[in-house]
Amino acid sequence: MATGLATKRLMKELAEIKTKGTPPGIVLLNAVALDQWVFLISVLGDETIYAGETFALRLKFPNRYPIDSPEVTFLADAEYIPPLHPHVYSNGHICASILGAEWSPVLNAVAVCITMQSMLASNKKKERPEGNDRYVRSAPSNPKLTRWQYDDDTV
Amino acid sequence: MKVTVLSFNAVAAWKWNASTEPHQLYAYASRGPDGQIEEYDDDDEEVCGICQSAFESTCPECKVPGDDCPLIWGECSHIFHMHCLLKWLETESSKQQCPMDRRSWGECSSQQME
C-alpha cells in the first residue's frame, strides 16, 4: 500500500470530499481501500446523449501517486456498462491524455472525474472506438500499460 | 521605580515567503488602467499543489520543517516543496515541465525574486 506522499495526499482528498462534497453529477460510491475508489458519474442537463445514465469510474492509486497517475477505468460488470463513447472501450479502458502523457501531480481524483464527465458531456455520437474488439481482445488489464495515441481533440 | 532585567527568552516565528512574492508580481501584472492594485485572494496559495500540505509544514517524507525541507520557486512563479517537485522532475513523464502550467521548469534565482 501507498506510503508517505500517497497516503497523506489521499487522506486529504477524502477529507475534502467529506467536508466540501463533490461537483454535481459526481458521487463517491465507495473507497473500499484508501488506494481504490469508485465514483458514480452522470451528465446533467438536457443537451446530453447520456441522459438518465450513470457510469461507475474506478480509480486505483499507485504507490507513487500523485507523481504517478492513477489507473482509471469505467467499470464493466453485471451492474455497470462503460459509456458508449469514441474514446471508451467496451472493457472500460479510456483513451484520454490526462490519464497518460498529460498527467500532472497537481491533478486529483475529483479533477479526473470532472474531466471524464465533460468528455461525456461534449460527445454527440454514441459509438465505440475504432478497433474496439481487436483492442479488447489483447488489452492488458492495466490500461496504463497500453500505448495510447491521442489524435482527436474534438470530444 | 527601577527594573532590573535578569534574563529574557526570545521567541521568534518564521514563515516561508511563499505568498508575498507571487502576490506582488500578480498585483503588479493585474494593475488596472487606473493603477489600482486589485484585491487578490491567496487562500489557495498556502499549500503545495503536489502533496497538498502547507508550505510551512514539511513535504510528506520529512519530519522537520525549515531549511531541510525547503520550497522551490519557479520562473513561472509557481512554488512547491522542493522534494515534491524533484520527485516529479525525476520522472520521464514530467518532461521537465511545471505541474501547474506545463511550461518548461526553470528555477527562479534569488536575484530575480528581489
# chains A, B, ... in the order shown; residues from 1 in each chain; ligands from 1
$ interface_residues --of "chain A" --to "chain B" --cutoff "8 Å" --atoms "only C-alpha atoms" --output "list in words"
Gly4, Leu5, Lys8, Arg9, Lys12, Pro66, Ile67, Ala101, Glu102, Trp103, Ser104, Pro105 and Val106 of chain A
$ write_last_selection --atoms "all heavy atoms" --output "mmCIF file, in the first residue's frame"
data_model
loop_
_atom_site.group_PDB
_atom_site.id
_atom_site.type_symbol
_atom_site.label_atom_id
_atom_site.label_comp_id
_atom_site.auth_asym_id
_atom_site.auth_seq_id
_atom_site.Cartn_x
_atom_site.Cartn_y
_atom_site.Cartn_z
ATOM 1 N N GLY A 4 3.887 7.401 2.747
ATOM 2 C CA GLY A 4 4.136 8.838 2.802
ATOM 3 C C GLY A 4 3.240 9.703 1.948
ATOM 4 O O GLY A 4 2.085 9.943 2.284
ATOM 5 N N LEU A 5 3.822 10.151 0.854
ATOM 6 C CA LEU A 5 3.154 11.106 -0.015
ATOM 7 C C LEU A 5 1.767 10.626 -0.439
ATOM 8 O O LEU A 5 0.776 11.341 -0.267
ATOM 9 C CB LEU A 5 4.029 11.374 -1.254
ATOM 10 C CG LEU A 5 3.473 12.314 -2.316
ATOM 11 C CD1 LEU A 5 3.133 13.666 -1.735
ATOM 12 C CD2 LEU A 5 4.480 12.487 -3.452
ATOM 13 N N LYS A 8 -0.852 10.402 2.596
ATOM 14 C CA LYS A 8 -1.264 11.725 3.095
ATOM 15 C C LYS A 8 -2.128 12.450 2.079
ATOM 16 O O LYS A 8 -3.121 13.077 2.412
ATOM 17 C CB LYS A 8 -0.035 12.567 3.438
ATOM 18 C CG LYS A 8 0.617 12.132 4.733
ATOM 19 C CD LYS A 8 1.616 13.160 5.217
ATOM 20 C CE LYS A 8 2.363 12.650 6.440
ATOM 21 N NZ LYS A 8 3.411 13.546 6.877
ATOM 22 N N ARG A 9 -1.716 12.371 0.830
ATOM 23 C CA ARG A 9 -2.448 13.067 -0.226
ATOM 24 C C ARG A 9 -3.862 12.503 -0.336
ATOM 25 O O ARG A 9 -4.844 13.240 -0.416
ATOM 26 C CB ARG A 9 -1.659 12.928 -1.524
ATOM 27 C CG ARG A 9 -2.323 13.419 -2.787
ATOM 28 C CD ARG A 9 -2.621 14.907 -2.756
ATOM 29 N NE ARG A 9 -2.129 15.576 -3.945
ATOM 30 C CZ ARG A 9 -2.728 15.524 -5.123
ATOM 31 N NH1 ARG A 9 -3.815 14.820 -5.284
ATOM 32 N NH2 ARG A 9 -2.216 16.169 -6.148
ATOM 33 N N LYS A 12 -6.081 13.541 2.518
ATOM 34 C CA LYS A 12 -6.506 14.933 2.359
ATOM 35 C C LYS A 12 -7.634 15.036 1.337
ATOM 36 O O LYS A 12 -8.596 15.775 1.522
ATOM 37 C CB LYS A 12 -5.338 15.806 1.917
ATOM 38 C CG LYS A 12 -4.478 16.263 3.072
ATOM 39 C CD LYS A 12 -3.284 17.061 2.580
ATOM 40 C CE LYS A 12 -2.256 17.252 3.672
ATOM 41 N NZ LYS A 12 -2.691 18.165 4.731
ATOM 42 N N PRO A 66 0.766 11.325 -6.009
ATOM 43 C CA PRO A 66 0.301 11.784 -7.308
ATOM 44 C C PRO A 66 1.420 12.005 -8.338
ATOM 45 O O PRO A 66 1.148 12.592 -9.376
ATOM 46 C CB PRO A 66 -0.353 13.119 -6.956
ATOM 47 C CG PRO A 66 0.519 13.662 -5.871
ATOM 48 C CD PRO A 66 0.977 12.463 -5.086
ATOM 49 N N ILE A 67 2.640 11.581 -8.012
ATOM 50 C CA ILE A 67 3.703 11.702 -9.008
ATOM 51 C C ILE A 67 3.340 10.819 -10.214
ATOM 52 O O ILE A 67 3.438 11.250 -11.368
ATOM 53 C CB ILE A 67 5.068 11.282 -8.405
ATOM 54 C CG1 ILE A 67 5.406 12.142 -7.177
ATOM 55 C CG2 ILE A 67 6.163 11.340 -9.461
ATOM 56 C CD1 ILE A 67 5.555 13.622 -7.444
ATOM 57 N N ALA A 101 0.020 10.720 -20.894
ATOM 58 C CA ALA A 101 1.121 11.644 -21.165
ATOM 59 C C ALA A 101 0.917 13.022 -20.542
ATOM 60 O O ALA A 101 1.880 13.703 -20.213
ATOM 61 C CB ALA A 101 1.311 11.782 -22.674
ATOM 62 N N GLU A 102 -0.324 13.446 -20.373
ATOM 63 C CA GLU A 102 -0.574 14.799 -19.875
ATOM 64 C C GLU A 102 -0.931 14.820 -18.388
ATOM 65 O O GLU A 102 -1.468 15.807 -17.890
ATOM 66 C CB GLU A 102 -1.701 15.461 -20.674
ATOM 67 C CG GLU A 102 -1.388 15.646 -22.155
ATOM 68 C CD GLU A 102 -0.235 16.614 -22.364
ATOM 69 O OE1 GLU A 102 -0.205 17.642 -21.688
ATOM 70 O OE2 GLU A 102 0.643 16.302 -23.182
ATOM 71 N N TRP A 103 -0.666 13.733 -17.687
ATOM 72 C CA TRP A 103 -0.927 13.723 -16.241
ATOM 73 C C TRP A 103 -0.053 14.772 -15.550
ATOM 74 O O TRP A 103 1.088 15.026 -15.955
ATOM 75 C CB TRP A 103 -0.621 12.347 -15.642
ATOM 76 C CG TRP A 103 -0.635 12.353 -14.141
ATOM 77 C CD1 TRP A 103 0.433 12.307 -13.311
ATOM 78 C CD2 TRP A 103 -1.793 12.439 -13.306
ATOM 79 N NE1 TRP A 103 0.012 12.358 -11.994
ATOM 80 C CE2 TRP A 103 -1.345 12.445 -11.965
ATOM 81 C CE3 TRP A 103 -3.182 12.515 -13.557
ATOM 82 C CZ2 TRP A 103 -2.222 12.525 -10.888
ATOM 83 C CZ3 TRP A 103 -4.044 12.600 -12.469
ATOM 84 C CH2 TRP A 103 -3.574 12.599 -11.166
ATOM 85 N N SER A 104 -0.608 15.393 -14.519
ATOM 86 C CA SER A 104 0.174 16.320 -13.700
ATOM 87 C C SER A 104 -0.115 16.013 -12.239
ATOM 88 O O SER A 104 -1.261 15.720 -11.865
ATOM 89 C CB SER A 104 -0.223 17.762 -13.999
ATOM 90 O OG SER A 104 0.144 18.581 -12.898
ATOM 91 N N PRO A 105 0.906 16.080 -11.366
ATOM 92 C CA PRO A 105 0.695 15.759 -9.949
ATOM 93 C C PRO A 105 -0.159 16.775 -9.209
ATOM 94 O O PRO A 105 -0.477 16.550 -8.038
ATOM 95 C CB PRO A 105 2.117 15.716 -9.382
ATOM 96 C CG PRO A 105 2.925 16.547 -10.301
ATOM 97 C CD PRO A 105 2.306 16.399 -11.651
ATOM 98 N N VAL A 106 -0.523 17.885 -9.843
ATOM 99 C CA VAL A 106 -1.450 18.791 -9.154
ATOM 100 C C VAL A 106 -2.903 18.411 -9.450
ATOM 101 O O VAL A 106 -3.819 18.993 -8.881
ATOM 102 C CB VAL A 106 -1.209 20.283 -9.493
ATOM 103 C CG1 VAL A 106 0.181 20.699 -9.038
ATOM 104 C CG2 VAL A 106 -1.399 20.571 -10.956
#
$ residues_around --residues "His87 in chain A" --least-positions-apart "4" --cutoff "12 Å" --atoms "only C-alpha atoms" --output "VMD selection string"
chain A and resid 73 to 74 82 to 83 91 to 97 116 119 to 120 123 125 to 132 148 to 155
$ closest_residue --among "A:Lys60, A:Thr48, A:Tyr65, A:Gln36" --to "Leu107 in chain A" --atoms "only C-alpha atoms"
A:Tyr65
$ atom_distance --atom1 "CA of Val27 in chain A" --atom2 "CA of Cys113 in chain A"
9.5 Å
$ residues_around --residues "Leu57 in chain A" --least-positions-apart "5" --cutoff "12 Å" --atoms "only C-alpha atoms" --output "compact mmCIF listing (two decimals) with C-alpha atoms, in the first residue's frame"
# COMPACT_ATOMS: atom_id res chain seq x y z
CA ILE A 26 -20.28 13.11 -9.35
CA VAL A 27 -20.68 10.91 -6.26
CA LEU A 28 -18.05 8.95 -4.36
CA LEU A 29 -19.68 5.49 -4.27
CA ASN A 30 -17.05 3.85 -2.13
CA ALA A 31 -13.42 3.83 -1.15
CA GLN A 36 -9.09 2.21 -4.70
CA TRP A 37 -12.12 4.46 -5.11
CA VAL A 38 -15.24 4.23 -7.24
CA PHE A 39 -17.19 7.31 -8.33
CA LEU A 40 -20.62 7.39 -9.96
CA ILE A 41 -20.71 9.81 -12.87
CA SER A 42 -23.71 11.17 -14.71
CA PRO A 70 -3.92 6.76 -11.16
CA GLU A 71 -5.21 3.80 -13.14
CA VAL A 72 -8.64 4.93 -14.31
CA THR A 73 -11.31 2.72 -15.91
CA PHE A 74 -15.06 2.66 -16.27
CA LEU A 75 -16.47 -0.43 -14.58
CA ALA A 76 -17.73 -3.10 -16.94
CA ASP A 77 -19.61 -5.68 -14.88
CA TYR A 80 -22.38 -1.08 -14.91
CA ILE A 81 -21.65 -0.63 -18.60
CA PRO A 82 -18.93 1.79 -19.78
CA PRO A 83 -20.39 4.76 -21.67
CA VAL A 88 -14.05 4.47 -24.20
CA GLY A 92 -13.83 0.27 -19.67
CA HIS A 93 -10.42 1.47 -20.80
CA ILE A 94 -10.28 5.17 -21.62
CA ALA A 109 -9.37 12.31 -8.10
CA VAL A 110 -12.17 14.84 -8.42
CA VAL A 112 -10.15 13.29 -13.12
CA CYS A 113 -13.89 12.75 -12.60
CA ILE A 114 -14.70 16.23 -13.89
CA THR A 115 -12.60 15.64 -16.99
CA MET A 116 -14.37 12.35 -17.67
CA GLN A 117 -17.75 13.97 -17.12
$ atom_distance --atom1 "CA of Tyr135 in chain A" --atom2 "CA of Glu53 in chain A"
24.8 Å
$ closest_residue --among "A:Asn108, A:Ala139, A:Lys124, A:Gly100" --to "Leu14 in chain A" --atoms "only C-alpha atoms"
A:Asn108
$ atom_distance --atom1 "CA of Ile49 in chain A" --atom2 "CA of His85 in chain A"
10.2 Å
$ residues_around --residues "Trp16 in chain B" --least-positions-apart "3" --cutoff "8 Å" --atoms "only C-alpha atoms" --output "list in words"
Phe55, Glu56 and Leu71 of chain B
